[in-house]
Amino acid sequence: MKKQILMTALLLFLLTAGCGDKSSDPAATPGVHSNGGGASLDGKSVRDLLETKYNHYVLACSVWIQDGPRVDLSRRPSDEFRLDIKRDGQALNKRLHLQGRSREAGVAAFVQIDGAQVVNGSVGPLANGRFLQLRNSVALEVSTSHRLSVMSRGGSSDIKTGGLPRALWYERVPVILENSVERVLDGRGSVTMVATYMACQIESQLAPRFRDDYRDHERRR
């Protein structure tokens, strides 16, 4: 009889152990992301986010300057650059140069990157009236300056200067630096038209598991 009692107690113990609490398993705990979801990036640095969240993150800028009343954007830009922010360890403290010439005028621009911030929440309205809903998004701190000059009989002279103060540039949002048509005197003293267009954009691609961290909406959420 004692032997049967001991065997029964041992069997009950084994059955109880096999049905223990599984809450220590992260995959079984509500709210815990075991697949590298967006929540795992909270509190990460800019550099960590660039390394972990983005397949690529590139600042691209282009300038067109053409004689005439309008810019034909189907033509090759007068100048352009692409800065790989993800792979260039010095990219967050750089001054970049754009320049171009038409027959009658020239343009020169500087794009100064002073750092970056992590952005969470709603952004907008943008120039197109839309809003962004961002989570752990990297935004660049950028300022710009530019000048348009023309060669006259007296030499080179500036006919227009401009620029944008330091501001946050968000991924996938175009920033227009200049879009204008100016009347200038050419080297023969005749009035002619010069059209200039400059724009930049942060081209980004999120790793698939973070694709919901970037939302584009018609209204604030």
# chains A, B, ... in the order shown; residues from 1 in each chain; ligands from 1
$ residues_around --residues "segment 111-113 of chain A" --least-positions-apart "6" --cutoff "8 Å" --atoms "only C-alpha atoms" --output "PyMOL selection string"
chain A and resi 91-97+140-145
$ closest_atom_pairs --of "segment 106-176 of chain A" --to "segment 207-218 of chain A" --cutoff "9 Å" --atoms "only C-alpha atoms" --output "JSON lines"
{"residue": "A:Pro125", "atom": "CA", "partner": "A:Glu218", "partner_atom": "CA", "distance": 8.9}
{"residue": "A:Gly129", "atom": "CA", "partner": "A:Glu218", "partner_atom": "CA", "distance": 7.2}
{"residue": "A:Arg130", "atom": "CA", "partner": "A:Glu218", "partner_atom": "CA", "distance": 4.7}
{"residue": "A:Phe131", "atom": "CA", "partner": "A:His217", "partner_atom": "CA", "distance": 5.1}
{"residue": "A:Leu132", "atom": "CA", "partner": "A:Asp216", "partner_atom": "CA", "distance": 4.7}
{"residue": "A:Gln133", "atom": "CA", "partner": "A:Arg215", "partner_atom": "CA", "distance": 4.9}
{"residue": "A:Leu134", "atom": "CA", "partner": "A:Tyr214", "partner_atom": "CA", "distance": 5.1}
{"residue": "A:Arg135", "atom": "CA", "partner": "A:Asp213", "partner_atom": "CA", "distance": 4.8}
{"residue": "A:Asn136", "atom": "CA", "partner": "A:Asp213", "partner_atom": "CA", "distance": 7.1}
{"residue": "A:Ser137", "atom": "CA", "partner": "A:Asp213", "partner_atom": "CA", "distance": 7.5}
$ closest_atom_pairs --of "segment 88-161 of chain A" --to "segment 58-64 of chain A" --cutoff "8 Å" --atoms "only C-alpha atoms" --output "Markdown table"
| residue | atom | partner | partner_atom | distance |
| --- | --- | --- | --- | --- |
| A:Leu98 | CA | A:Val63 | CA | 7.0 |
| A:Gln99 | CA | A:Val63 | CA | 7.3 |
| A:Gly100 | CA | A:Val63 | CA | 7.1 |
$ select_by_dssp --residues "segment 89-140 of chain A" --states "strand (DSSP E or B)" --output "PyMOL selection string"
chain A and resi 94-101+105-123+131-140
$ atom_distance --atom1 "atom CA of Leu41 of chain A" --atom2 "atom CA of Leu206 of chain A"
12.9 Å
$ residues_around --residues "Leu49 of chain A" --least-positions-apart "5" --cutoff "10 Å" --atoms "only C-alpha atoms" --output "number ranges by chain"
A: 41-44, 54, 86, 118, 136-138
$ write_last_selection --atoms "all heavy atoms" --output "mmCIF file, in the first residue's frame"
data_model
loop_
_atom_site.group_PDB
_atom_site.id
_atom_site.type_symbol
_atom_site.label_atom_id
_atom_site.label_comp_id
_atom_site.auth_asym_id
_atom_site.auth_seq_id
_atom_site.Cartn_x
_atom_site.Cartn_y
_atom_site.Cartn_z
ATOM 1 N N LEU A 41 12.715 49.688 -30.136
ATOM 2 C CA LEU A 41 13.610 50.782 -30.494
ATOM 3 C C LEU A 41 13.462 51.996 -29.593
ATOM 4 O O LEU A 41 14.235 52.948 -29.727
ATOM 5 C CB LEU A 41 13.360 51.208 -31.949
ATOM 6 C CG LEU A 41 13.630 50.155 -33.020
ATOM 7 C CD1 LEU A 41 13.349 50.730 -34.395
ATOM 8 C CD2 LEU A 41 15.065 49.655 -32.941
ATOM 9 N N ASP A 42 12.483 52.007 -28.704
ATOM 10 C CA ASP A 42 12.272 53.165 -27.850
ATOM 11 C C ASP A 42 13.528 53.466 -27.038
ATOM 12 O O ASP A 42 14.121 52.573 -26.412
ATOM 13 C CB ASP A 42 11.097 52.923 -26.899
ATOM 14 C CG ASP A 42 9.767 52.847 -27.636
ATOM 15 O OD1 ASP A 42 9.728 53.252 -28.814
ATOM 16 O OD2 ASP A 42 8.781 52.389 -27.032
ATOM 17 N N GLY A 43 13.949 54.743 -27.056
ATOM 18 C CA GLY A 43 15.114 55.157 -26.285
ATOM 19 C C GLY A 43 16.443 54.959 -26.983
ATOM 20 O O GLY A 43 17.481 55.314 -26.432
ATOM 21 N N LYS A 44 16.430 54.423 -28.207
ATOM 22 C CA LYS A 44 17.675 54.207 -28.942
ATOM 23 C C LYS A 44 18.238 55.530 -29.461
ATOM 24 O O LYS A 44 17.509 56.483 -29.708
ATOM 25 C CB LYS A 44 17.450 53.254 -30.116
ATOM 26 C CG LYS A 44 17.028 51.845 -29.731
ATOM 27 C CD LYS A 44 18.143 51.091 -29.043
ATOM 28 C CE LYS A 44 17.760 49.632 -28.808
ATOM 29 N NZ LYS A 44 18.846 48.880 -28.134
ATOM 30 N N TYR A 54 16.777 51.143 -40.485
ATOM 31 C CA TYR A 54 16.748 51.530 -41.896
ATOM 32 C C TYR A 54 17.620 50.625 -42.762
ATOM 33 O O TYR A 54 18.775 50.369 -42.422
ATOM 34 C CB TYR A 54 17.246 52.974 -42.046
ATOM 35 C CG TYR A 54 16.347 54.001 -41.393
ATOM 36 C CD1 TYR A 54 16.581 54.425 -40.097
ATOM 37 C CD2 TYR A 54 15.253 54.527 -42.069
ATOM 38 C CE1 TYR A 54 15.759 55.362 -39.486
ATOM 39 C CE2 TYR A 54 14.425 55.464 -41.484
ATOM 40 C CZ TYR A 54 14.686 55.883 -40.184
ATOM 41 O OH TYR A 54 13.865 56.814 -39.587
ATOM 42 N N LYS A 86 23.423 56.792 -43.323
ATOM 43 C CA LYS A 86 23.541 55.546 -42.561
ATOM 44 C C LYS A 86 24.980 55.053 -42.499
ATOM 45 O O LYS A 86 25.453 54.613 -41.442
ATOM 46 C CB LYS A 86 22.636 54.473 -43.189
ATOM 47 C CG LYS A 86 22.752 53.079 -42.576
ATOM 48 C CD LYS A 86 21.811 52.111 -43.304
ATOM 49 C CE LYS A 86 22.077 50.660 -42.893
ATOM 50 N NZ LYS A 86 21.662 50.384 -41.516
ATOM 51 N N VAL A 118 15.526 62.285 -32.906
ATOM 52 C CA VAL A 118 14.541 61.212 -33.000
ATOM 53 C C VAL A 118 13.161 61.824 -32.794
ATOM 54 O O VAL A 118 12.933 62.540 -31.820
ATOM 55 C CB VAL A 118 14.806 60.115 -31.951
ATOM 56 C CG1 VAL A 118 13.759 58.998 -32.059
ATOM 57 C CG2 VAL A 118 16.208 59.547 -32.111
ATOM 58 N N ASN A 136 9.923 56.749 -33.669
ATOM 59 C CA ASN A 136 11.380 56.542 -33.721
ATOM 60 C C ASN A 136 11.932 56.863 -35.110
ATOM 61 O O ASN A 136 12.711 56.106 -35.685
ATOM 62 C CB ASN A 136 11.725 55.106 -33.320
ATOM 63 C CG ASN A 136 11.372 54.804 -31.878
ATOM 64 O OD1 ASN A 136 11.649 55.594 -30.978
ATOM 65 N ND2 ASN A 136 10.738 53.663 -31.638
ATOM 66 N N SER A 137 11.514 57.989 -35.643
ATOM 67 C CA SER A 137 11.960 58.431 -36.967
ATOM 68 C C SER A 137 13.156 59.374 -36.812
ATOM 69 O O SER A 137 13.159 60.261 -35.956
ATOM 70 C CB SER A 137 10.821 59.155 -37.684
ATOM 71 O OG SER A 137 11.253 59.699 -38.910
ATOM 72 N N VAL A 138 14.165 59.196 -37.650
ATOM 73 C CA VAL A 138 15.340 60.075 -37.632
ATOM 74 C C VAL A 138 15.083 61.269 -38.552
ATOM 75 O O VAL A 138 14.773 61.092 -39.735
ATOM 76 C CB VAL A 138 16.608 59.322 -38.087
ATOM 77 C CG1 VAL A 138 17.785 60.278 -38.190
ATOM 78 C CG2 VAL A 138 16.927 58.193 -37.112
#
$ closest_residue --among "A:Lys160, A:Ala139, A:Arg101, A:Arg70" --to "Leu50 of chain A" --atoms "only C-alpha atoms"
A:Ala139
$ atom_distance --atom1 "atom CA of Arg82 of chain A" --atom2 "atom CA of Phe110 of chain A"
13.8 Å
$ closest_residue --among "A:Cys200, A:Leu126, A:Met193, A:Leu83" --to "Val175 of chain A" --atoms "only C-alpha atoms"
A:Cys200
